[in-house]
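Peer 1: What follows is protein_1.tsv; its format and atoms are TSV, C-alpha atoms.
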```tsv
chain	number	residue	atom	x	y	z
L	1	MET	CA	39.63	88.91	78.17
L	2	PHE	CA	38.93	91.46	80.85
L	3	ARG	CA	39.52	94.16	78.28
L	4	LEU	CA	36.36	92.90	76.58
L	5	SER	CA	34.40	94.34	79.47
L	6	LEU	CA	35.31	97.76	78.12
L	7	VAL	CA	32.86	97.32	75.26
L	8	PRO	CA	29.59	97.15	77.24
L	9	LEU	CA	30.97	99.80	79.56
L	10	VAL	CA	31.58	102.19	76.68
L	11	VAL	CA	28.10	101.46	75.33
L	12	LEU	CA	26.56	102.07	78.74
L	13	GLY	CA	28.60	105.24	79.13
L	14	ALA	CA	27.43	106.54	75.76
L	15	LEU	CA	23.84	105.78	76.74
L	16	LEU	CA	24.22	107.63	80.02
L	17	MET	CA	25.90	110.58	78.33
L	18	THR	CA	23.01	110.78	75.87
L	19	ALA	CA	20.52	110.56	78.69
L	20	ALA	CA	22.33	113.34	80.55
L	21	GLY	CA	21.26	115.69	77.77
L	22	GLY	CA	17.66	115.11	78.79
L	23	LEU	CA	18.21	116.06	82.39
L	24	PRO	CA	17.56	119.63	83.52
L	25	PRO	CA	20.74	121.71	83.51
L	26	VAL	CA	22.66	121.89	86.77
L	27	GLY	CA	21.42	124.76	88.87
L	28	ASP	CA	18.00	125.03	87.23
L	29	PRO	CA	15.60	126.36	89.92
L	30	GLU	CA	12.64	124.98	87.93
L	31	SER	CA	13.90	121.41	87.70
L	32	PRO	CA	11.46	118.68	88.78
L	33	ALA	CA	13.62	117.80	91.78
L	34	ALA	CA	13.37	121.38	93.03
L	35	THR	CA	9.64	121.86	92.52
L	36	HIS	CA	7.97	118.77	93.96
L	37	VAL	CA	8.23	118.58	97.75
L	38	SER	CA	11.31	120.65	98.39
L	39	PRO	CA	9.52	124.06	98.33
L	40	ARG	CA	7.39	122.86	101.24
L	41	TYR	CA	10.51	121.72	103.12
L	42	ILE	CA	12.20	125.07	102.55
L	43	SER	CA	9.30	127.46	103.10
L	44	ARG	CA	7.64	125.72	106.06
L	45	GLY	CA	10.53	123.70	107.49
L	46	PRO	CA	11.65	126.13	110.21
L	47	GLU	CA	8.17	126.78	111.54
L	48	GLU	CA	7.14	123.12	111.41
L	49	THR	CA	10.27	121.41	112.69
L	50	GLY	CA	11.93	124.17	114.70
L	51	ALA	CA	15.23	123.57	112.90
L	52	THR	CA	16.73	126.33	110.82
L	53	ASN	CA	19.11	123.78	109.32
L	54	LEU	CA	16.77	122.37	106.72
L	55	VAL	CA	18.84	119.23	106.21
L	56	THR	CA	18.43	118.32	109.88
L	57	GLY	CA	14.73	119.15	109.65
L	58	VAL	CA	14.28	116.80	106.72
L	59	LEU	CA	16.53	114.12	108.17
L	60	ALA	CA	15.21	114.01	111.72
L	61	ASP	CA	11.63	115.14	111.32
L	62	TYR	CA	10.02	114.87	107.91
L	63	ARG	CA	11.87	111.70	107.03
L	64	SER	CA	12.74	110.32	110.44
L	65	TYR	CA	11.30	106.93	109.51
L	66	ASP	CA	13.92	106.78	106.76
L	67	THR	CA	16.60	107.73	109.27
L	68	LEU	CA	15.37	105.00	111.61
L	69	GLY	CA	15.94	102.49	108.84
L	70	GLU	CA	19.41	103.87	108.14
L	71	THR	CA	20.33	103.67	111.81
L	72	ALA	CA	19.16	100.07	111.89
L	73	VAL	CA	21.29	99.36	108.82
L	74	ILE	CA	24.36	100.89	110.46
L	75	CYS	CA	23.73	98.93	113.65
L	76	ALA	CA	23.35	95.72	111.63
L	77	ALA	CA	26.55	96.50	109.73
L	78	GLY	CA	28.49	96.88	112.97
L	79	LEU	CA	27.00	93.66	114.30
L	80	ALA	CA	27.83	91.83	111.06
L	81	CYS	CA	31.39	93.13	111.08
L	82	TRP	CA	31.90	91.99	114.65
L	83	LEU	CA	30.35	88.59	114.02
L	84	ILE	CA	32.33	87.97	110.81
L	85	LEU	CA	35.64	88.70	112.48
L	86	GLY	CA	34.75	87.85	116.05
L	87	ALA	CA	34.07	84.17	115.52
L	88	ARG	CA	37.80	83.64	115.23
L	89	TRP	CA	38.44	85.24	118.59
L	90	ARG	CA	35.97	82.97	120.30
L	91	GLU	CA	37.53	79.90	118.69
L	92	ASP	CA	40.78	80.91	120.36
L	93	GLY	CA	39.13	80.61	123.72
L	94	GLY	CA	38.98	84.20	124.73
L	95	ALA	CA	41.91	85.85	123.02
L	96	GLN	CA	39.56	88.78	122.85
A	1	MET	CA	47.92	92.95	119.21
A	2	LYS	CA	49.92	96.09	119.54
A	3	LEU	CA	48.96	98.82	117.18
A	4	ALA	CA	50.33	101.91	118.77
A	5	PHE	CA	52.40	104.52	117.05
A	6	GLY	CA	53.46	105.91	120.36
A	7	SER	CA	56.04	108.66	120.10
A	8	PRO	CA	56.34	111.69	122.35
A	9	ALA	CA	55.26	114.13	119.64
A	10	LEU	CA	52.20	112.07	118.67
A	11	ASP	CA	51.33	111.54	122.30
A	12	ALA	CA	51.49	115.26	123.09
A	13	ALA	CA	49.57	116.20	119.96
A	14	SER	CA	46.82	113.68	120.61
A	15	ARG	CA	46.54	114.76	124.22
A	16	LEU	CA	46.19	118.34	123.04
A	17	MET	CA	43.63	117.56	120.35
A	18	THR	CA	41.43	115.03	122.12
A	19	PRO	CA	39.35	117.33	124.33
A	20	PHE	CA	38.78	119.75	121.49
A	21	MET	CA	37.71	116.96	119.16
A	22	LEU	CA	35.29	115.58	121.74
A	23	MET	CA	33.87	119.00	122.41
A	24	PHE	CA	33.55	119.77	118.72
A	25	GLY	CA	31.79	116.47	118.16
A	26	ALA	CA	29.31	117.19	120.93
A	27	TYR	CA	28.85	120.70	119.55
A	28	VAL	CA	28.16	119.39	116.07
A	29	VAL	CA	25.57	116.97	117.44
A	30	VAL	CA	23.80	119.44	119.71
A	31	HIS	CA	24.01	122.45	117.43
A	32	GLY	CA	22.88	120.55	114.35
A	33	HIS	CA	19.56	122.37	114.29
A	34	ASP	CA	20.97	125.80	113.60
A	35	SER	CA	24.20	125.13	111.75
A	36	PRO	CA	25.56	122.41	109.51
A	37	GLY	CA	25.82	119.31	111.59
A	38	GLY	CA	23.79	116.57	113.14
A	39	GLY	CA	23.98	113.13	114.61
A	40	PHE	CA	25.87	111.40	111.81
A	41	GLN	CA	28.59	114.02	111.53
A	42	GLY	CA	29.07	114.49	115.26
A	43	GLY	CA	29.14	110.75	115.84
A	44	VAL	CA	31.82	110.37	113.21
A	45	ILE	CA	33.91	113.12	114.83
A	46	ILE	CA	33.66	111.48	118.27
A	47	ALA	CA	34.53	108.09	116.76
A	48	ALA	CA	37.52	109.68	115.02
A	49	CYS	CA	38.68	110.97	118.40
A	50	ILE	CA	38.42	107.50	119.93
A	51	ILE	CA	40.25	105.98	116.97
A	52	LEU	CA	42.98	108.62	117.20
A	53	VAL	CA	43.69	107.79	120.83
A	54	ARG	CA	43.50	104.10	119.99
A	55	LEU	CA	46.08	104.53	117.22
A	56	VAL	CA	48.50	106.66	119.18
A	57	ARG	CA	48.43	105.00	122.57
A	58	GLY	CA	47.17	101.54	121.78
A	59	ARG	CA	44.97	99.57	124.05
A	60	ALA	CA	46.91	100.57	127.13
A	61	GLY	CA	45.61	104.07	126.74
A	62	GLY	CA	42.46	103.03	128.49
A	63	TRP	CA	40.32	104.46	125.70
A	64	MET	CA	39.59	101.08	124.28
A	65	LEU	CA	35.90	100.81	123.62
A	66	ALA	CA	35.59	97.05	123.92
A	67	PRO	CA	33.63	95.46	121.06
A	68	GLU	CA	30.87	94.29	123.36
A	69	ARG	CA	30.53	97.74	124.85
A	70	ALA	CA	30.65	99.42	121.43
A	71	LEU	CA	27.89	97.09	120.28
A	72	ALA	CA	25.93	98.00	123.40
A	73	PHE	CA	26.41	101.66	122.48
A	74	ALA	CA	25.14	101.03	118.96
A	75	CYS	CA	22.07	99.18	120.16
A	76	ALA	CA	21.45	101.83	122.85
A	77	GLY	CA	21.42	104.52	120.19
A	78	LEU	CA	18.93	102.56	118.14
A	79	GLY	CA	16.92	102.01	121.31
A	80	ILE	CA	16.88	105.76	122.02
A	81	PHE	CA	15.63	106.33	118.48
A	82	ILE	CA	12.86	103.74	118.67
A	83	GLY	CA	11.98	104.71	122.23
A	84	VAL	CA	11.53	108.37	121.37
A	85	GLY	CA	9.53	107.29	118.35
A	86	LEU	CA	7.31	105.07	120.48
A	87	LEU	CA	6.61	107.94	122.88
A	88	GLY	CA	4.42	109.39	120.15
A	89	PRO	CA	1.83	106.57	120.07
A	90	ILE	CA	1.93	106.34	123.88
A	91	PHE	CA	0.86	109.97	124.20
A	92	GLY	CA	-1.74	109.79	121.48
A	93	GLY	CA	0.14	110.77	118.34
A	94	ASN	CA	1.71	108.92	115.46
A	95	PHE	CA	4.96	106.96	115.50
A	96	LEU	CA	7.87	109.44	115.55
A	97	ASP	CA	5.45	112.34	115.98
A	98	TYR	CA	7.33	114.49	118.47
A	99	SER	CA	4.68	117.19	118.70
A	100	ALA	CA	2.59	114.76	120.80
A	101	LEU	CA	5.26	114.60	123.51
A	102	PRO	CA	4.14	116.15	126.83
A	103	LEU	CA	6.94	118.69	126.92
A	104	LEU	CA	4.85	121.80	127.71
A	105	LEU	CA	6.33	123.42	124.63
A	106	GLU	CA	4.95	124.85	121.45
A	107	ALA	CA	4.78	122.44	118.55
A	108	PRO	CA	7.98	123.49	116.72
A	109	LYS	CA	10.00	123.53	119.95
A	110	ALA	CA	8.68	120.10	120.93
A	111	ARG	CA	9.51	118.77	117.50
A	112	ALA	CA	13.00	120.27	117.77
A	113	ALA	CA	13.47	118.61	121.17
A	114	GLY	CA	12.31	115.26	119.81
A	115	SER	CA	14.58	115.41	116.81
A	116	MET	CA	17.44	116.45	119.11
A	117	ALA	CA	16.90	113.24	121.11
A	118	ILE	CA	16.92	111.28	117.88
A	119	GLU	CA	20.11	112.95	116.72
A	120	ILE	CA	21.78	112.01	120.01
A	121	GLY	CA	20.67	108.42	119.48
A	122	VAL	CA	22.07	108.44	115.95
A	123	ALA	CA	25.36	109.91	117.21
A	124	VAL	CA	25.70	107.20	119.86
A	125	THR	CA	25.01	104.51	117.25
A	126	VAL	CA	27.51	105.90	114.75
A	127	THR	CA	30.20	106.29	117.41
A	128	GLY	CA	29.73	102.73	118.61
A	129	VAL	CA	29.60	101.18	115.16
A	130	LEU	CA	32.62	103.02	113.78
A	131	SER	CA	34.83	102.16	116.72
A	132	LEU	CA	33.49	98.61	116.57
A	133	ILE	CA	34.37	98.28	112.89
A	134	PHE	CA	37.81	99.76	113.51
A	135	ASP	CA	38.50	97.42	116.40
A	136	ALA	CA	37.24	94.38	114.52
A	137	LEU	CA	39.42	95.17	111.50
A	138	VAL	CA	42.49	95.94	113.60
A	139	GLU	CA	42.19	92.91	115.82
A	140	ALA	CA	41.86	90.61	112.84
A	141	ARG	CA	44.93	88.51	112.30
A	142	ASP	CA	46.17	86.95	109.15
A	143	ASP	CA	47.66	83.79	110.56
A	144	GLY	CA	44.75	81.42	110.13
E	1	MET	CA	26.06	135.21	96.27
E	2	THR	CA	24.55	135.98	92.91
E	3	ASP	CA	26.95	136.72	90.10
E	4	ASP	CA	29.91	134.59	91.13
E	5	MET	CA	27.72	131.63	92.07
E	6	GLU	CA	25.85	131.80	88.79
E	7	GLY	CA	29.14	131.74	86.94
E	8	LEU	CA	30.12	128.69	88.95
E	9	TRP	CA	26.91	126.76	88.42
E	10	SER	CA	26.03	127.70	84.86
E	11	VAL	CA	27.94	124.78	83.45
E	12	GLY	CA	24.86	123.12	82.02
E	13	THR	CA	25.21	119.37	81.95
E	14	ALA	CA	28.98	119.13	82.29
E	15	GLN	CA	28.61	117.84	85.84
E	16	TYR	CA	26.46	114.99	84.59
E	17	PHE	CA	29.15	114.03	82.08
E	18	LEU	CA	31.82	114.08	84.78
E	19	THR	CA	29.59	112.00	87.03
E	20	THR	CA	29.13	109.51	84.21
E	21	VAL	CA	32.89	109.30	83.77
E	22	LEU	CA	33.28	108.65	87.50
E	23	LEU	CA	30.58	105.97	87.33
E	24	MET	CA	32.33	104.32	84.39
E	25	VAL	CA	35.65	104.33	86.27
E	26	GLY	CA	33.96	102.61	89.19
E	27	LEU	CA	32.14	100.07	87.03
E	28	TYR	CA	35.28	99.28	85.06
E	29	GLY	CA	37.18	98.71	88.30
E	30	ILE	CA	34.49	96.38	89.59
E	31	VAL	CA	34.35	94.38	86.37
E	32	ALA	CA	37.94	94.30	85.21
E	33	ARG	CA	40.16	94.35	88.28
E	34	GLN	CA	41.25	90.99	89.60
E	35	HIS	CA	42.04	91.97	93.15
E	36	LEU	CA	39.03	92.01	95.43
E	37	LEU	CA	40.31	94.96	97.45
E	38	ARG	CA	40.58	97.00	94.25
E	39	LYS	CA	37.05	95.97	93.37
E	40	LEU	CA	35.99	97.33	96.75
E	41	MET	CA	37.79	100.61	96.10
E	42	ALA	CA	36.10	100.83	92.70
E	43	MET	CA	32.76	100.24	94.42
E	44	ASN	CA	33.50	103.21	96.65
E	45	ILE	CA	34.26	105.33	93.60
E	46	LEU	CA	30.90	104.28	92.15
E	47	GLN	CA	29.17	105.29	95.37
E	48	VAL	CA	30.90	108.67	95.22
E	49	ALA	CA	29.64	109.07	91.65
E	50	VAL	CA	26.06	108.47	92.77
E	51	ILE	CA	26.48	110.93	95.66
E	52	VAL	CA	27.93	113.61	93.38
E	53	PHE	CA	25.05	113.07	90.97
E	54	PHE	CA	22.47	113.61	93.69
E	55	ILE	CA	24.21	116.70	95.00
E	56	ALA	CA	24.37	118.10	91.47
E	57	LEU	CA	20.62	117.56	91.21
E	58	SER	CA	20.07	119.64	94.34
E	59	ALA	CA	21.90	122.73	93.08
E	60	LYS	CA	20.07	125.92	92.19
E	61	SER	CA	21.57	128.96	90.53
E	62	GLY	CA	22.15	131.76	92.98
E	63	ALA	CA	21.08	129.69	95.97
E	64	THR	CA	22.99	129.14	99.18
E	65	VAL	CA	23.33	126.31	101.70
E	66	PRO	CA	20.05	125.07	103.21
E	67	VAL	CA	20.43	126.80	106.56
E	68	VAL	CA	17.80	129.52	106.96
E	69	ILE	CA	19.48	132.75	108.03
E	70	GLU	CA	16.72	135.28	107.51
E	71	ASP	CA	14.36	136.00	110.36
E	72	GLY	CA	11.32	137.06	108.38
E	73	LEU	CA	8.22	134.94	108.12
E	74	GLU	CA	8.51	134.72	104.37
E	75	ILE	CA	11.24	132.37	103.19
E	76	ASN	CA	12.30	132.71	99.59
E	77	VAL	CA	12.38	129.18	98.19
E	78	ALA	CA	14.71	130.10	95.35
E	79	SER	CA	17.48	131.25	97.69
E	80	TYR	CA	18.17	127.86	99.29
E	81	VAL	CA	19.26	124.69	97.55
E	82	ASN	CA	17.09	121.61	97.74
E	83	PRO	CA	17.74	120.02	101.17
E	84	LEU	CA	16.24	116.62	100.34
E	85	PRO	CA	19.17	115.15	98.32
E	86	HIS	CA	21.55	116.42	100.97
E	87	ALA	CA	19.68	114.54	103.69
E	88	LEU	CA	19.48	111.38	101.58
E	89	MET	CA	23.17	111.47	100.69
E	90	LEU	CA	24.14	112.15	104.31
E	91	THR	CA	22.69	108.80	105.27
E	92	ALA	CA	24.08	107.19	102.11
E	93	ILE	CA	27.62	108.23	103.03
E	94	VAL	CA	27.39	106.70	106.50
E	95	VAL	CA	25.83	103.53	105.11
E	96	SER	CA	28.61	103.31	102.52
E	97	VAL	CA	31.16	103.52	105.34
E	98	SER	CA	29.37	100.71	107.15
E	99	THR	CA	29.13	98.51	104.07
E	100	THR	CA	32.81	99.14	103.38
E	101	GLY	CA	33.56	97.93	106.89
E	102	VAL	CA	31.54	94.75	106.37
E	103	ALA	CA	33.18	94.19	102.99
E	104	LEU	CA	36.64	94.59	104.52
E	105	ALA	CA	35.72	92.10	107.22
E	106	LEU	CA	34.60	89.62	104.55
E	107	LEU	CA	37.84	90.21	102.64
E	108	ILE	CA	39.84	89.47	105.78
E	109	ARG	CA	37.94	86.21	106.21
E	110	ILE	CA	38.50	85.24	102.56
E	111	ARG	CA	42.18	86.01	102.82
E	112	ARG	CA	42.42	83.94	106.00
E	113	ARG	CA	40.67	81.00	104.42
E	114	TYR	CA	42.28	80.96	100.99
E	115	GLY	CA	45.43	82.99	101.47
E	116	THR	CA	44.75	85.22	98.49
E	117	LEU	CA	42.43	87.95	97.31
E	118	SER	CA	43.09	87.59	93.60
E	119	GLU	CA	39.99	86.49	91.78
E	120	THR	CA	41.61	84.04	89.38
E	121	MET	CA	43.59	82.37	92.15
E	122	LEU	CA	40.45	82.19	94.28
E	123	LEU	CA	38.54	80.54	91.44
E	124	ALA	CA	41.39	78.10	90.87
E	125	LYS	CA	41.43	77.21	94.56
E	126	LEU	CA	37.68	76.79	94.59
E	127	ARG	CA	37.82	74.38	91.66
E	128	GLU	CA	40.29	72.05	93.38
```
Can the structure from this file be put into structure tokens for me?
Peer 2:
Amino acid sequence: MFRLSLVPLVVLGALLMTAAGGLPPVGDPESPAATHVSPRYISRGPEETGATNLVTGVLADYRSYDTLGETAVICAAGLACWLILGARWREDGGAQ
Amino acid sequence: MKLAFGSPALDAASRLMTPFMLMFGAYVVVHGHDSPGGGFQGGVIIAACIILVRLVRGRAGGWMLAPERALAFACAGLGIFIGVGLLGPIFGGNFLDYSALPLLLEAPKARAAGSMAIEIGVAVTVTGVLSLIFDALVEARDDG
Amino acid sequence: MTDDMEGLWSVGTAQYFLTTVLLMVGLYGIVARQHLLRKLMAMNILQVAVIVFFIALSAKSGATVPVVIEDGLEINVASYVNPLPHALMLTAIVVSVSTTGVALALLIRIRRRYGTLSETMLLAKLRE
């Protein structure tokens, strides 16, 4: 029964493998991912953000709104984890 | 619940490693602008240090970051992030625009200072949340 | 940084195939495993596949890590890998840790309530 799930998986895998042939080869400096916004990040990142680590420059400056969302997600995950497991502690009357 | 693998060797090793781990975590956070690192990585290292002490010495080690306090840490980090972001509109810039901060610095330096503050906020959040998740999972009992 | 690195990265699309294999392993685990904890582990494998795919997209032949080391005003774009996927995947890793924590908490609750994490036994108990 569960082995049947192999069939769509194999089909999907074959599709993805075929699609991988259409992607630019790994390490291609002219790939679309490397020519859209990333040249701006690399060439002007240090002088615009003051960070020679370009990843930090992108993370904390160019895309800090994105990072704000991620931080909120992490905070919410911690809150959810505590609430899911913490309800039991409060039922005990202050075991924790 | 006791979850302490206390043995003399582990105790000595954790005592030896803890200050270095804390210092390395702070270094990774603060030095993230010029070397690989940043708030997420440094926060994870500091949380790993807290979890190490928690594993070796248990709650009696005094390093227990209580869940309420860890949650307060997480929210404080998010508050630092949003607060630094809101300083931009207050001083006439855009949201999260650190170059508008009145820091008497050139634009790239001011932006670096602003993103440093944000990285510290992220590190505090990650530290709090990871120790909170660890504590919540460890304290959970299976008897209900 | 030139010849050796080019030899390392000139593998064409082999990394995409390996990523696809990793993705298939994760998907198969999610679909076919009965134990919810194993499904969670398979989900983590799937996340790792996505992360590896993004990092493979960021690679450039003959380029080094995105930390600028030269002092000149002119920065050669071709000598640093694309920093954008690195930044995105950095947040994705931390979020995956958080979601794993929430999922483990949910699993603990399910186990407490029903006494099992096996999917078939859970479905049988739910039908009662």
Peer 1: In Å to one decimal, how far is atom CA of Gly21 of chain L from atom CA of Ala59 of chain E?
Peer 2: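 Going from atom CA of Ala59 of chain E over to atom CA of Gly21 of chain L covers 16.9 Å.
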Peer 1: Report, in Å to a single decimal, how far apart atom CA of Cys81 of chain L and atom CA of Val84 of chain A are.
Peer 2: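 Calculated distance between atom CA of Val84 of chain A and atom CA of Cys81 of chain L is 27.1 Å.
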Peer 1: Chain A near chain L within 9 Å: what's each residue's closest atom pair and its distance in Å to one decimal, counting all atoms listed in the file, ordered by chain then ascending residue number, as a Markdown table?
Peer 2:
```
| residue | atom | partner | partner_atom | distance |
| --- | --- | --- | --- | --- |
| A:Gly32 | CA | L:Thr56 | CA | 6.7 |
| A:His33 | CA | L:Ala51 | CA | 4.7 |
| A:Asp34 | CA | L:Asn53 | CA | 5.1 |
| A:Ser35 | CA | L:Asn53 | CA | 5.8 |
| A:Pro36 | CA | L:Asn53 | CA | 6.6 |
| A:Gly37 | CA | L:Thr56 | CA | 7.6 |
| A:Gly38 | CA | L:Thr56 | CA | 6.5 |
| A:Gly39 | CA | L:Thr56 | CA | 9.0 |
| A:Pro67 | CA | L:Trp82 | CA | 7.5 |
| A:Leu71 | CA | L:Leu79 | CA | 7.0 |
| A:Ala74 | CA | L:Cys75 | CA | 5.9 |
| A:Cys75 | CA | L:Cys75 | CA | 6.7 |
| A:Gly77 | CA | L:Thr71 | CA | 8.5 |
| A:Leu78 | CA | L:Thr71 | CA | 6.6 |
| A:Phe81 | CA | L:Leu68 | CA | 7.0 |
| A:Ile82 | CA | L:Leu68 | CA | 7.6 |
| A:Phe95 | CA | L:Tyr65 | CA | 8.7 |
| A:Leu96 | CA | L:Ser64 | CA | 7.1 |
| A:Asp97 | CA | L:Asp61 | CA | 8.2 |
| A:Tyr98 | CA | L:Asp61 | CA | 8.4 |
| A:Ala107 | CA | L:Glu48 | CA | 7.6 |
| A:Pro108 | CA | L:Gly50 | CA | 4.5 |
| A:Lys109 | CA | L:Gly50 | CA | 5.6 |
| A:Ala110 | CA | L:Gly50 | CA | 8.1 |
| A:Arg111 | CA | L:Thr49 | CA | 5.5 |
| A:Ala112 | CA | L:Gly50 | CA | 5.1 |
| A:Ala113 | CA | L:Gly50 | CA | 8.7 |
| A:Gly114 | CA | L:Asp61 | CA | 8.5 |
| A:Ser115 | CA | L:Ala60 | CA | 5.3 |
| A:Met116 | CA | L:Ala60 | CA | 8.1 |
| A:Ile118 | CA | L:Ala60 | CA | 7.0 |
| A:Glu119 | CA | L:Ala60 | CA | 7.1 |
| A:Val122 | CA | L:Thr71 | CA | 6.6 |
| A:Thr125 | CA | L:Cys75 | CA | 6.8 |
| A:Val126 | CA | L:Ile74 | CA | 7.3 |
| A:Gly128 | CA | L:Gly78 | CA | 8.2 |
| A:Val129 | CA | L:Gly78 | CA | 5.0 |
| A:Leu130 | CA | L:Gly78 | CA | 7.4 |
| A:Leu132 | CA | L:Gly78 | CA | 6.4 |
| A:Ile133 | CA | L:Gly78 | CA | 6.0 |
| A:Asp135 | CA | L:Trp82 | CA | 8.7 |
| A:Ala136 | CA | L:Trp82 | CA | 5.9 |
| A:Leu137 | CA | L:Leu85 | CA | 7.6 |
| A:Glu139 | CA | L:Leu85 | CA | 8.5 |
| A:Ala140 | CA | L:Leu85 | CA | 6.5 |
| A:Gly144 | CA | L:Arg88 | CA | 8.9 |
```
Peer 1: Please determine the contact residues of chain E with respect to chain L at a cut-off of 8 Å, counting only C-alpha atoms, and supply them as number ranges by chain.
Peer 2: E: 9-13, 15-17, 20-21, 24, 27-28, 31-32, 56-61, 66-69, 74-78, 80, 82-84, 86-88, 91, 94-95, 98-99, 101-102, 105-106, 108-109
Peer 1: Between atom CA of Leu10 of chain A and atom CA of Leu52 of chain A, what is the distance, to one decimal in Å?
Peer 2: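 It comes out at 10.0 Å.
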Peer 1: Counting only C-alpha atoms, select every polymer residue within 12 Å of (49.3, 113.5, 121.1) as defined in the file's coordinates, and provide the selection as a list in words.
Peer 2: Ala4, Phe5, Gly6, Ser7, Pro8, Ala9, Leu10, Asp11, Ala12, Ala13, Ser14, Arg15, Leu16, Met17, Thr18, Pro19, Cys49, Leu52, Val53, Arg54, Leu55, Val56, Arg57 and Gly61 of chain A
Peer 1: Axis-aligned box over every listed atom of segment 44-47 of chain L, padded by 5 Å per side: centre and edges in Å to one decimal, as AutoDock Vina command-line options?
Peer 2:
```
--center_x 9.6 --center_y 125.2 --center_z 108.8 --size_x 14.0 --size_y 13.1 --size_z 15.5
```
Peer 1: Would you mind telling me which residue in A:Ser99, A:Gly58, A:Phe40, A:Ile50 lies nearest to chain E when using only C-alpha atoms?
Peer 2: A:Phe40
Peer 1: With only C-alpha atoms as the atoms that count, which of A:Gly42, A:Ala117, A:Pro89, A:Met23 lies nearest to chain E?
Peer 2: A:Gly42
Peer 1: Of the residues E:Met121, E:Ile55, E:Val81, E:Ala63, which is the one nearest to His35 of chain E, using all atoms listed in the file?
Peer 2: E:Met121
Peer 1: Is it possible to dump segment 20-31 of chain A as a PDB file, in the first residue's frame, including just N, CA, C and O atoms?
Peer 2:
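Result written to selection.pdb:
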```
ATOM      1  N   PHE A  20      34.985  29.963  27.164  1.00  0.00           N
ATOM      2  CA  PHE A  20      35.443  30.119  25.787  1.00  0.00           C
ATOM      3  C   PHE A  20      34.266  30.105  24.818  1.00  0.00           C
ATOM      4  O   PHE A  20      34.235  30.847  23.840  1.00  0.00           O
ATOM      5  N   MET A  21      33.287  29.241  25.103  1.00  0.00           N
ATOM      6  CA  MET A  21      32.125  29.203  24.212  1.00  0.00           C
ATOM      7  C   MET A  21      31.367  30.518  24.265  1.00  0.00           C
ATOM      8  O   MET A  21      30.959  31.051  23.230  1.00  0.00           O
ATOM      9  N   LEU A  22      31.194  31.057  25.470  1.00  0.00           N
ATOM     10  CA  LEU A  22      30.472  32.329  25.584  1.00  0.00           C
ATOM     11  C   LEU A  22      31.225  33.430  24.850  1.00  0.00           C
ATOM     12  O   LEU A  22      30.634  34.231  24.120  1.00  0.00           O
ATOM     13  N   MET A  23      32.547  33.438  25.044  1.00  0.00           N
ATOM     14  CA  MET A  23      33.327  34.495  24.409  1.00  0.00           C
ATOM     15  C   MET A  23      33.310  34.333  22.896  1.00  0.00           C
ATOM     16  O   MET A  23      33.208  35.322  22.159  1.00  0.00           O
ATOM     17  N   PHE A  24      33.380  33.089  22.439  1.00  0.00           N
ATOM     18  CA  PHE A  24      33.354  32.874  20.993  1.00  0.00           C
ATOM     19  C   PHE A  24      32.003  33.272  20.414  1.00  0.00           C
ATOM     20  O   PHE A  24      31.931  33.854  19.322  1.00  0.00           O
ATOM     21  N   GLY A  25      30.936  32.982  21.163  1.00  0.00           N
ATOM     22  CA  GLY A  25      29.624  33.390  20.690  1.00  0.00           C
ATOM     23  C   GLY A  25      29.522  34.895  20.568  1.00  0.00           C
ATOM     24  O   GLY A  25      29.066  35.425  19.548  1.00  0.00           O
ATOM     25  N   ALA A  26      29.979  35.600  21.608  1.00  0.00           N
ATOM     26  CA  ALA A  26      29.940  37.067  21.549  1.00  0.00           C
ATOM     27  C   ALA A  26      30.817  37.576  20.410  1.00  0.00           C
ATOM     28  O   ALA A  26      30.455  38.516  19.694  1.00  0.00           O
ATOM     29  N   TYR A  27      31.970  36.918  20.216  1.00  0.00           N
ATOM     30  CA  TYR A  27      32.858  37.340  19.125  1.00  0.00           C
ATOM     31  C   TYR A  27      32.178  37.155  17.776  1.00  0.00           C
ATOM     32  O   TYR A  27      32.257  38.027  16.899  1.00  0.00           O
ATOM     33  N   VAL A  28      31.509  36.019  17.610  1.00  0.00           N
ATOM     34  CA  VAL A  28      30.858  35.753  16.325  1.00  0.00           C
ATOM     35  C   VAL A  28      29.750  36.771  16.067  1.00  0.00           C
ATOM     36  O   VAL A  28      29.565  37.224  14.942  1.00  0.00           O
ATOM     37  N   VAL A  29      29.041  37.169  17.135  1.00  0.00           N
ATOM     38  CA  VAL A  29      27.986  38.170  16.950  1.00  0.00           C
ATOM     39  C   VAL A  29      28.602  39.508  16.574  1.00  0.00           C
ATOM     40  O   VAL A  29      28.202  40.147  15.592  1.00  0.00           O
ATOM     41  N   VAL A  30      29.592  39.948  17.358  1.00  0.00           N
ATOM     42  CA  VAL A  30      30.091  41.316  17.205  1.00  0.00           C
ATOM     43  C   VAL A  30      30.974  41.448  15.972  1.00  0.00           C
ATOM     44  O   VAL A  30      30.984  42.488  15.329  1.00  0.00           O
ATOM     45  N   HIS A  31      31.674  40.376  15.636  1.00  0.00           N
ATOM     46  CA  HIS A  31      32.605  40.455  14.519  1.00  0.00           C
ATOM     47  C   HIS A  31      31.969  39.985  13.223  1.00  0.00           C
ATOM     48  O   HIS A  31      32.665  39.732  12.241  1.00  0.00           O
TER      49      HIS A  31
END
```
